[in-house]
>>> print(open('target.cif').read())   # mmCIF, C-alpha atoms and all ligand atoms
data_model
#
loop_
_atom_site.group_PDB
_atom_site.id
_atom_site.type_symbol
_atom_site.label_atom_id
_atom_site.label_comp_id
_atom_site.auth_asym_id
_atom_site.auth_seq_id
_atom_site.Cartn_x
_atom_site.Cartn_y
_atom_site.Cartn_z
ATOM 1 C CA MET A 3 -16.785 -16.176 -11.058
ATOM 2 C CA GLY A 4 -20.142 -15.995 -12.780
ATOM 3 C CA SER A 5 -20.706 -13.132 -15.123
ATOM 4 C CA TRP A 6 -23.448 -10.613 -15.515
ATOM 5 C CA ALA A 7 -24.504 -9.442 -18.973
ATOM 6 C CA GLY A 8 -24.723 -5.739 -18.116
ATOM 7 C CA PRO A 9 -23.896 -2.761 -20.334
ATOM 8 C CA ILE A 10 -20.349 -3.973 -20.835
ATOM 9 C CA GLU A 11 -20.570 -3.034 -24.507
ATOM 10 C CA ARG A 12 -20.612 0.572 -23.343
ATOM 11 C CA VAL A 13 -17.355 0.220 -21.471
ATOM 12 C CA VAL A 14 -15.291 2.337 -23.786
ATOM 13 C CA GLY A 15 -12.229 3.431 -21.884
ATOM 14 C CA ARG A 16 -10.040 0.379 -21.788
ATOM 15 C CA ALA A 17 -6.398 1.014 -22.474
ATOM 16 C CA GLY A 18 -5.953 1.912 -26.115
ATOM 17 C CA GLN A 19 -9.603 2.862 -26.635
ATOM 18 C CA ARG A 20 -11.256 6.235 -26.447
ATOM 19 C CA ARG A 21 -14.187 7.223 -24.322
ATOM 20 C CA ARG A 22 -17.029 9.183 -25.861
ATOM 21 C CA PRO A 23 -16.165 12.874 -25.657
ATOM 22 C CA ALA A 24 -18.012 14.857 -22.988
ATOM 23 C CA THR A 25 -20.831 16.987 -24.358
ATOM 24 C CA VAL A 26 -23.348 19.428 -22.937
ATOM 25 C CA LYS A 27 -26.627 19.390 -24.879
ATOM 26 C CA GLY A 28 -24.752 17.902 -27.835
ATOM 27 C CA VAL A 29 -21.994 20.541 -27.721
ATOM 28 C CA ARG A 30 -18.621 18.898 -27.405
ATOM 29 C CA LEU A 31 -16.567 20.136 -24.450
ATOM 30 C CA PRO A 32 -12.867 20.734 -24.957
ATOM 31 C CA GLN A 33 -10.735 18.181 -23.131
ATOM 32 C CA LEU A 34 -7.858 19.328 -20.990
ATOM 33 C CA PRO A 35 -4.422 18.452 -22.315
ATOM 34 C CA ARG A 36 -3.084 15.386 -20.555
ATOM 35 C CA SER A 37 -0.495 17.468 -18.702
ATOM 36 C CA LEU A 38 -3.342 19.234 -16.839
ATOM 37 C CA ARG A 39 -5.538 16.215 -16.173
ATOM 38 C CA TRP A 40 -5.808 14.751 -12.663
ATOM 39 C CA ASP A 41 -7.608 12.027 -10.745
ATOM 40 C CA HIS A 42 -11.128 13.125 -9.749
ATOM 41 C CA ASN A 43 -11.790 9.807 -8.001
ATOM 42 C CA ALA A 44 -8.693 9.935 -5.812
ATOM 43 C CA HIS A 45 -9.603 13.530 -4.970
ATOM 44 C CA TYR A 46 -12.511 12.166 -2.901
ATOM 45 C CA HIS A 47 -10.617 9.381 -1.103
ATOM 46 C CA GLY A 48 -9.734 11.604 1.859
ATOM 47 C CA TRP A 49 -13.359 12.658 2.169
ATOM 48 C CA ILE A 50 -14.389 8.977 2.275
ATOM 49 C CA LEU A 51 -11.787 8.136 4.923
ATOM 50 C CA ARG A 52 -13.182 10.909 7.120
ATOM 51 C CA ARG A 53 -16.555 9.117 7.013
ATOM 52 C CA LEU A 54 -15.213 5.907 8.596
ATOM 53 C CA PRO A 55 -16.868 5.138 11.905
ATOM 54 C CA ALA A 56 -14.647 4.489 14.914
ATOM 55 C CA GLY A 57 -13.694 0.858 15.350
ATOM 56 C CA CYS A 58 -14.058 -0.006 11.668
ATOM 57 C CA GLU A 59 -12.619 -3.490 11.133
ATOM 58 C CA ARG A 60 -13.819 -4.743 7.751
ATOM 59 C CA ALA A 61 -14.165 -2.760 4.531
ATOM 60 C CA LEU A 62 -15.281 -3.599 1.019
ATOM 61 C CA ASP A 63 -14.427 -1.460 -1.995
ATOM 62 C CA ALA A 64 -16.724 -2.306 -4.908
ATOM 63 C CA GLY A 65 -15.282 -1.643 -8.370
ATOM 64 C CA CYS A 66 -11.856 -0.964 -6.903
ATOM 65 C CA GLY A 67 -10.074 -0.268 -10.205
ATOM 66 C CA ALA A 68 -6.338 -0.022 -9.636
ATOM 67 C CA GLY A 69 -6.886 -0.183 -5.885
ATOM 68 C CA GLY A 70 -5.916 3.296 -4.687
ATOM 69 C CA LEU A 71 -8.822 3.590 -2.247
ATOM 70 C CA ALA A 72 -8.434 -0.003 -0.990
ATOM 71 C CA ARG A 73 -4.814 0.730 -0.119
ATOM 72 C CA ARG A 74 -5.803 3.860 1.786
ATOM 73 C CA LEU A 75 -8.605 1.983 3.570
ATOM 74 C CA ALA A 76 -6.089 -0.675 4.600
ATOM 75 C CA THR A 77 -4.140 1.952 6.554
ATOM 76 C CA ARG A 78 -7.215 2.480 8.752
ATOM 77 C CA VAL A 79 -9.205 -0.783 8.671
ATOM 78 C CA ARG A 80 -8.038 -4.264 9.691
ATOM 79 C CA THR A 81 -9.148 -6.153 6.552
ATOM 80 C CA VAL A 82 -10.192 -4.877 3.149
ATOM 81 C CA ASP A 83 -11.887 -6.774 0.335
ATOM 82 C CA ALA A 84 -11.463 -5.076 -3.036
ATOM 83 C CA VAL A 85 -13.605 -6.333 -5.933
ATOM 84 C CA ASP A 86 -13.396 -5.577 -9.622
ATOM 85 C CA ARG A 87 -14.661 -7.428 -12.652
ATOM 86 C CA SER A 88 -11.748 -6.269 -14.820
ATOM 87 C CA ASP A 89 -8.802 -8.626 -14.713
ATOM 88 C CA ALA A 90 -6.572 -5.815 -15.990
ATOM 89 C CA MET A 91 -7.571 -3.633 -13.031
ATOM 90 C CA ILE A 92 -7.225 -6.397 -10.434
ATOM 91 C CA GLY A 93 -3.862 -7.240 -12.013
ATOM 92 C CA ARG A 94 -2.695 -3.639 -11.699
ATOM 93 C CA ALA A 95 -4.062 -3.344 -8.170
ATOM 94 C CA GLY A 96 -2.427 -6.578 -7.049
ATOM 95 C CA VAL A 97 0.941 -5.665 -8.510
ATOM 96 C CA ALA A 98 0.893 -2.306 -6.748
ATOM 97 C CA ALA A 99 -0.442 -3.818 -3.543
ATOM 98 C CA GLY A 100 1.363 -3.748 -0.273
ATOM 99 C CA GLY A 101 0.191 -5.477 2.854
ATOM 100 C CA SER A 102 -1.656 -8.729 3.301
ATOM 101 C CA SER A 103 -4.761 -7.106 4.761
ATOM 102 C CA ILE A 104 -6.223 -6.559 1.276
ATOM 103 C CA ARG A 105 -7.955 -9.404 -0.543
ATOM 104 C CA TRP A 106 -8.179 -8.617 -4.290
ATOM 105 C CA LEU A 107 -11.221 -10.335 -5.788
ATOM 106 C CA LEU A 108 -11.775 -10.653 -9.510
ATOM 107 C CA GLY A 109 -15.495 -10.887 -10.206
ATOM 108 C CA ASP A 110 -18.796 -9.199 -10.624
ATOM 109 C CA LEU A 111 -20.145 -7.516 -7.526
ATOM 110 C CA LEU A 112 -23.609 -8.756 -8.478
ATOM 111 C CA ASP A 113 -22.501 -12.366 -8.622
ATOM 112 C CA PRO A 114 -23.877 -14.099 -5.503
ATOM 113 C CA ALA A 115 -21.027 -16.633 -5.745
ATOM 114 C CA LEU A 116 -18.421 -13.955 -5.043
ATOM 115 C CA PRO A 117 -16.747 -15.005 -1.763
ATOM 116 C CA LEU A 118 -17.608 -11.909 0.261
ATOM 117 C CA ASP A 119 -17.926 -11.642 4.021
ATOM 118 C CA ALA A 120 -21.359 -13.057 4.839
ATOM 119 C CA GLY A 121 -21.410 -11.158 8.143
ATOM 120 C CA GLY A 122 -21.294 -7.849 6.325
ATOM 121 C CA TYR A 123 -18.779 -5.015 6.344
ATOM 122 C CA ASP A 124 -18.398 -2.025 8.647
ATOM 123 C CA VAL A 125 -17.936 0.120 5.572
ATOM 124 C CA VAL A 126 -18.746 -0.485 1.912
ATOM 125 C CA THR A 127 -17.439 1.982 -0.654
ATOM 126 C CA ALA A 128 -18.030 2.402 -4.374
ATOM 127 C CA VAL A 129 -16.228 5.157 -6.253
ATOM 128 C CA SER A 130 -17.299 5.852 -9.822
ATOM 129 C CA SER A 131 -18.390 2.246 -10.239
ATOM 130 C CA LEU A 132 -22.125 2.243 -9.473
ATOM 131 C CA HIS A 133 -23.003 3.712 -12.875
ATOM 132 C CA HIS A 134 -21.348 0.680 -14.525
ATOM 133 C CA MET A 135 -24.066 -1.523 -12.997
ATOM 134 C CA PRO A 136 -27.872 -1.613 -13.077
ATOM 135 C CA LEU A 137 -28.733 0.964 -10.425
ATOM 136 C CA ARG A 138 -31.350 -0.692 -8.240
ATOM 137 C CA PRO A 139 -29.882 -4.248 -8.158
ATOM 138 C CA ALA A 140 -26.466 -2.775 -7.395
ATOM 139 C CA LEU A 141 -27.753 -0.494 -4.614
ATOM 140 C CA THR A 142 -29.608 -3.437 -3.114
ATOM 141 C CA ARG A 143 -26.495 -5.603 -3.292
ATOM 142 C CA LEU A 144 -24.277 -2.917 -1.761
ATOM 143 C CA SER A 145 -26.736 -2.267 1.060
ATOM 144 C CA CYS A 146 -27.008 -5.995 1.873
ATOM 145 C CA LEU A 147 -23.223 -6.108 2.262
ATOM 146 C CA VAL A 148 -23.263 -3.484 5.033
ATOM 147 C CA ARG A 149 -23.499 -4.933 8.544
ATOM 148 C CA PRO A 150 -26.135 -3.490 10.890
ATOM 149 C CA GLY A 151 -24.763 -0.173 12.125
ATOM 150 C CA GLY A 152 -22.224 -0.034 9.264
ATOM 151 C CA ILE A 153 -22.087 2.526 6.463
ATOM 152 C CA LEU A 154 -22.280 2.657 2.694
ATOM 153 C CA VAL A 155 -20.395 5.500 1.022
ATOM 154 C CA VAL A 156 -20.802 5.970 -2.716
ATOM 155 C CA VAL A 157 -19.046 8.592 -4.790
ATOM 156 C CA GLY A 158 -20.802 8.275 -8.099
ATOM 157 C CA CYS A 159 -21.280 9.780 -11.530
ATOM 158 C CA TYR A 160 -24.623 10.871 -12.942
ATOM 159 C CA ARG A 161 -25.950 11.999 -16.306
ATOM 160 C CA ALA A 162 -26.474 15.749 -16.410
ATOM 161 C CA ALA A 163 -30.128 16.323 -17.244
ATOM 162 C CA ARG A 164 -31.367 19.432 -15.467
ATOM 163 C CA VAL A 165 -30.315 23.047 -15.856
ATOM 164 C CA SER A 166 -28.781 22.873 -12.372
ATOM 165 C CA ASP A 167 -26.668 19.881 -13.488
ATOM 166 C CA HIS A 168 -25.358 21.763 -16.500
ATOM 167 C CA LEU A 169 -24.622 24.868 -14.424
ATOM 168 C CA MET A 170 -22.713 22.724 -11.935
ATOM 169 C CA ASP A 171 -20.798 21.110 -14.796
ATOM 170 C CA ALA A 172 -19.868 24.529 -16.156
ATOM 171 C CA VAL A 173 -18.469 25.552 -12.759
ATOM 172 C CA ALA A 174 -16.689 22.192 -12.506
ATOM 173 C CA VAL A 175 -15.089 22.579 -15.933
ATOM 174 C CA LEU A 176 -13.519 25.871 -14.837
ATOM 175 C CA ALA A 177 -12.515 24.541 -11.409
ATOM 176 C CA ASN A 178 -11.071 21.460 -13.103
ATOM 177 C CA LEU A 179 -8.833 23.663 -15.217
ATOM 178 C CA VAL A 180 -7.665 25.716 -12.230
ATOM 179 C CA VAL A 181 -6.933 22.631 -10.099
ATOM 180 C CA GLY A 182 -5.180 20.985 -13.073
ATOM 181 C CA ALA A 183 -2.971 24.048 -13.531
ATOM 182 C CA VAL A 184 -2.141 24.221 -9.800
ATOM 183 C CA LEU A 185 -1.320 20.501 -9.635
ATOM 184 C CA ALA A 186 0.727 20.726 -12.839
ATOM 185 C CA GLY A 187 2.717 23.553 -11.218
ATOM 186 C CA ARG A 188 3.492 21.145 -8.363
ATOM 187 C CA GLY A 189 4.304 18.292 -10.758
ATOM 188 C CA ARG A 190 1.217 16.344 -9.637
ATOM 189 C CA ALA A 191 -1.030 16.479 -12.710
ATOM 190 C CA GLY A 192 -0.905 14.303 -15.832
ATOM 191 C CA LYS A 193 -2.484 11.324 -14.044
ATOM 192 C CA PRO A 194 -6.160 11.251 -15.083
ATOM 193 C CA HIS A 195 -8.545 8.999 -13.164
ATOM 194 C CA ASP A 196 -9.468 7.059 -16.300
ATOM 195 C CA ASP A 197 -5.960 6.138 -17.354
ATOM 196 C CA GLY A 198 -6.429 2.691 -18.919
ATOM 197 C CA MET A 199 -9.511 2.112 -16.784
ATOM 198 C CA PRO A 200 -12.922 0.838 -17.900
ATOM 199 C CA VAL A 201 -15.040 3.951 -18.332
ATOM 200 C CA VAL A 202 -18.771 4.223 -18.919
ATOM 201 C CA TRP A 203 -19.525 7.734 -20.092
ATOM 202 C CA PRO A 204 -21.957 9.327 -20.135
ATOM 203 C CA PRO A 205 -23.693 7.512 -17.269
ATOM 204 C CA ASP A 206 -27.231 6.280 -17.879
ATOM 205 C CA THR A 207 -28.761 7.472 -14.653
ATOM 206 C CA THR A 208 -29.648 11.007 -13.659
ATOM 207 C CA LEU A 209 -29.298 12.379 -10.149
ATOM 208 C CA ALA A 210 -33.089 12.410 -9.823
ATOM 209 C CA GLU A 211 -33.228 8.683 -10.645
ATOM 210 C CA ILE A 212 -30.486 7.982 -8.119
ATOM 211 C CA ARG A 213 -32.333 9.985 -5.446
ATOM 212 C CA ASP A 214 -35.563 8.070 -6.201
ATOM 213 C CA ALA A 215 -33.830 4.686 -6.006
ATOM 214 C CA ALA A 216 -32.101 5.623 -2.749
ATOM 215 C CA ALA A 217 -35.373 6.850 -1.243
ATOM 216 C CA ASP A 218 -36.969 3.473 -2.074
ATOM 217 C CA LEU A 219 -34.083 1.182 -1.170
ATOM 218 C CA LEU A 220 -31.987 3.027 1.425
ATOM 219 C CA PRO A 221 -34.319 4.992 3.693
ATOM 220 C CA GLY A 222 -32.434 7.821 5.395
ATOM 221 C CA ALA A 223 -29.671 7.972 2.770
ATOM 222 C CA ARG A 224 -28.118 11.407 2.249
ATOM 223 C CA ILE A 225 -27.210 12.423 -1.268
ATOM 224 C CA ARG A 226 -25.322 15.564 -2.150
ATOM 225 C CA ARG A 227 -23.769 16.894 -5.277
ATOM 226 C CA LEU A 228 -19.984 17.089 -5.358
ATOM 227 C CA LEU A 229 -18.136 19.630 -7.444
ATOM 228 C CA PHE A 230 -16.192 17.422 -9.834
ATOM 229 C CA PHE A 231 -18.954 15.725 -11.891
ATOM 230 C CA ARG A 232 -19.964 13.454 -9.043
ATOM 231 C CA TYR A 233 -22.402 13.002 -6.158
ATOM 232 C CA ALA A 234 -21.974 11.431 -2.738
ATOM 233 C CA LEU A 235 -24.386 9.006 -1.115
ATOM 234 C CA GLU A 236 -24.073 8.120 2.567
ATOM 235 C CA TRP A 237 -26.261 5.545 4.274
ATOM 236 C CA THR A 238 -26.088 3.873 7.658
ATOM 237 C CA ARG A 239 -27.698 0.467 7.941
ATOM 238 C CA PRO A 240 -29.987 0.546 10.973
ATOM 239 C CA ALA A 241 -28.547 -1.433 13.869
ATOM 240 C CA ALA A 242 -30.307 -4.765 14.401
ATOM 241 C CA ALA A 243 -33.217 -4.599 16.826
ATOM 242 C CA ARG A 244 -32.440 -6.337 20.138
HETATM 243 C C1 LIG B 301 -14.363 4.139 -13.446
HETATM 244 S S1 LIG B 301 -13.642 2.769 -12.676
HETATM 245 C C2 LIG B 301 -13.387 3.377 -10.999
HETATM 246 C C3 LIG B 301 -12.334 2.587 -10.291
HETATM 247 C C4 LIG B 301 -11.977 3.032 -8.886
HETATM 248 N N1 LIG B 301 -13.101 2.864 -7.973
HETATM 249 C C5 LIG B 301 -11.471 4.437 -8.835
HETATM 250 O O1 LIG B 301 -12.045 5.239 -8.118
HETATM 251 O O2 LIG B 301 -10.473 4.749 -9.486
HETATM 252 C C6 LIG B 301 -15.009 1.644 -12.422
HETATM 253 C C7 LIG B 301 -14.550 0.271 -12.038
HETATM 254 O O3 LIG B 301 -15.674 -0.510 -11.659
HETATM 255 C C8 LIG B 301 -15.487 -1.822 -12.160
HETATM 256 N N2 LIG B 301 -16.797 -2.469 -12.268
HETATM 257 C C9 LIG B 301 -17.814 -2.095 -13.047
HETATM 258 N N3 LIG B 301 -18.867 -2.902 -12.876
HETATM 259 C C10 LIG B 301 -18.503 -3.818 -11.950
HETATM 260 C C11 LIG B 301 -19.146 -4.934 -11.345
HETATM 261 N N4 LIG B 301 -20.409 -5.268 -11.685
HETATM 262 N N5 LIG B 301 -18.472 -5.658 -10.434
HETATM 263 C C12 LIG B 301 -17.202 -5.329 -10.094
HETATM 264 N N6 LIG B 301 -16.528 -4.291 -10.646
HETATM 265 C C13 LIG B 301 -17.173 -3.541 -11.545
HETATM 266 C C14 LIG B 301 -14.805 -1.603 -13.497
HETATM 267 O O4 LIG B 301 -14.130 -2.763 -13.935
HETATM 268 C C15 LIG B 301 -13.863 -0.451 -13.171
HETATM 269 O O5 LIG B 301 -12.579 -0.888 -12.764
#
>>> encode(input="target.cif", output="structure tokens")
Amino acid sequence: MGSWAGPIERVVGRAGQRRRPATVKGVRLPQLPRSLRWDHNAHYHGWILRRLPAGCERALDAGCGAGGLARRLATRVRTVDAVDRSDAMIGRAGVAAGGSSIRWLLGDLLDPALPLDAGGYDVVTAVSSLHHMPLRPALTRLSCLVRPGGILVVVGCYRAARVSDHLMDAVAVLANLVVGAVLAGRGRAGKPHDDGMPVVWPPDTTLAEIRDAAADLLPGARIRRLLFFRYALEWTRPAAAR
């Protein structure tokens, strides 16, 4: 596949490397011990599945990582394409894969040569991957991959910039600890979302910039803040005029 010279040098979370520590206004936040850490991305998979329109046949997961969402989509949708530009991630996803309805594609979402479904997908998802790419080209690309009447669902990360962002982060830090402790009590913590995964942190784009881009490129898109350091974007591509 062709490659795109994006901010790959900022991808700091590959296995064996450390991400930049989270800070608020330059103050370093304490990190939870691994035993209390859990997967914030997977936390939103159920929410995404509840967005699927009836009769959904083809799905695309962009920046699929280890493929957890693609596998869940495949339980509800006839065929799933799952794309990631990290061979380590596609390798992990493929090894864990079950079912022939998922096509694992190694490549850059922005590469026009990527063999995606030219007819478009009923649902296109991107979880914590949009901030790895240049915002407007990636939103344009994702929207073009949605068939008329289909939906785009993004769960994304943003750079905290406003007081409201920092307040939300403060609430999330506490909630994160409580959820981590509850899950640890049930033996379900200790599996952070960034385990060996390419991580870009902090993201470049603020929520305001994401809202502006969506207003320009995806008229009618709904964006809302989610509790755990993320936002959700939902957009339905207008059905083709008859
Ligand atoms: C933080 S991980 C999230 C993975 C997965 N969606 C999840 O929820 O666990 C972001 C993923 O996006 C992939 N990615 C980043 N930019 C990409 C691009 N331009 N094309 C395809 N994949 C990309 C990275 O390789 C990485 O696996």
>>> resolve_selection(input="target.cif", expression="the PyMOL selection byres (((chain A and resi 224-229) around 8) and not hetatm)", output="PyMOL selection string")
chain A and resi 170-171+173-174+213+222-223+230-237
>>> closest_atom_pairs(input="target.cif", of="chain A", to="ligand LIG 301 (chain B)", cutoff="7 Å", atoms="all atoms listed in the file", output="Markdown table")
| residue | atom | partner | partner_atom | distance |
| --- | --- | --- | --- | --- |
| A:Asn43 | CA | B:LIG301 | O1 | 4.6 |
| A:Ala44 | CA | B:LIG301 | O1 | 6.2 |
| A:Ala64 | CA | B:LIG301 | C12 | 6.0 |
| A:Gly65 | CA | B:LIG301 | O3 | 3.5 |
| A:Cys66 | CA | B:LIG301 | N1 | 4.2 |
| A:Gly67 | CA | B:LIG301 | O5 | 3.6 |
| A:Ala68 | CA | B:LIG301 | O2 | 6.3 |
| A:Gly69 | CA | B:LIG301 | C4 | 6.7 |
| A:Gly70 | CA | B:LIG301 | O2 | 6.8 |
| A:Leu71 | CA | B:LIG301 | O1 | 6.9 |
| A:Val85 | CA | B:LIG301 | C12 | 5.6 |
| A:Asp86 | CA | B:LIG301 | N6 | 3.5 |
| A:Arg87 | CA | B:LIG301 | N6 | 4.2 |
| A:Ser88 | CA | B:LIG301 | O4 | 4.3 |
| A:Met91 | CA | B:LIG301 | O5 | 5.7 |
| A:Gly109 | CA | B:LIG301 | C12 | 5.8 |
| A:Asp110 | CA | B:LIG301 | N5 | 3.6 |
| A:Leu111 | CA | B:LIG301 | N5 | 3.8 |
| A:Leu112 | CA | B:LIG301 | N4 | 5.7 |
| A:Ala128 | CA | B:LIG301 | N1 | 6.1 |
| A:Val129 | CA | B:LIG301 | N1 | 4.2 |
| A:Ser130 | CA | B:LIG301 | C2 | 4.8 |
| A:Ser131 | CA | B:LIG301 | C6 | 4.1 |
| A:Leu132 | CA | B:LIG301 | N3 | 7.0 |
| A:His134 | CA | B:LIG301 | N3 | 4.7 |
| A:Met135 | CA | B:LIG301 | N3 | 5.4 |
| A:His195 | CA | B:LIG301 | O2 | 5.9 |
| A:Asp196 | CA | B:LIG301 | C1 | 6.4 |
| A:Met199 | CA | B:LIG301 | S1 | 5.9 |
| A:Pro200 | CA | B:LIG301 | C15 | 5.0 |
| A:Val201 | CA | B:LIG301 | C1 | 4.9 |
>>> closest_residue(input="target.cif", among="A:Cys159, A:Arg190, A:Gly93, A:Arg143", to="Pro114 in chain A", atoms="all atoms listed in the file")
A:Arg143
>>> residues_around(input="target.cif", residues="Ala76 in chain A", least_positions_apart="3", cutoff="12 Å", atoms="all atoms listed in the file", output="VMD selection string")
chain A and resid 51 54 58 to 63 69 to 73 79 to 84 99 to 105 125
>>> resolve_selection(input="target.cif", expression="the PyMOL selection byres (((chain A and resi 119) around 10) and not hetatm)", output="JSON, numbers by chain")
{"A": [60, 61, 62, 83, 116, 117, 118, 120, 121, 122, 123, 147, 148, 149]}
>>> closest_residue(input="target.cif", among="A:Leu34, A:Arg78, A:Arg39, A:Asp124", to="Ala191 in chain A", atoms="only C-alpha atoms")
A:Arg39
>>> closest_residue(input="target.cif", among="A:Ala183, A:Cys146, A:Leu137, A:Ala217", to="Gly158 in chain A", atoms="only C-alpha atoms")
A:Leu137
>>> closest_residue(input="target.cif", among="A:Gly198, A:Pro150, A:Gly96, A:Pro136", to="Ile212 in chain A", atoms="all atoms listed in the file")
A:Pro136
>>> atom_distance(input="target.cif", atom1="CA of Pro139 in chain A", atom2="CA of Asp41 in chain A")
27.7 Å
>>> closest_residue(input="target.cif", among="A:Ala90, A:Ala95, A:Ile153, A:Ala140", to="Pro55 in chain A", atoms="all atoms listed in the file")
A:Ile153
>>> atom_distance(input="target.cif", atom1="CA of Arg161 in chain A", atom2="CA of Asn178 in chain A")
17.9 Å
>>> atom_distance(input="target.cif", atom1="CA of Arg52 in chain A", atom2="CA of Thr238 in chain A")
14.7 Å
>>> closest_residue(input="target.cif", among="A:Leu169, A:Leu75, A:Arg138, A:Ala115", to="Leu219 in chain A", atoms="only C-alpha atoms")
A:Arg138
>>> resolve_selection(input="target.cif", expression="the PyMOL selection byres (((chain A and resi 151) around 6) and not hetatm)", output="NGL selection string")
:A and (150 or 152 or 239-241)
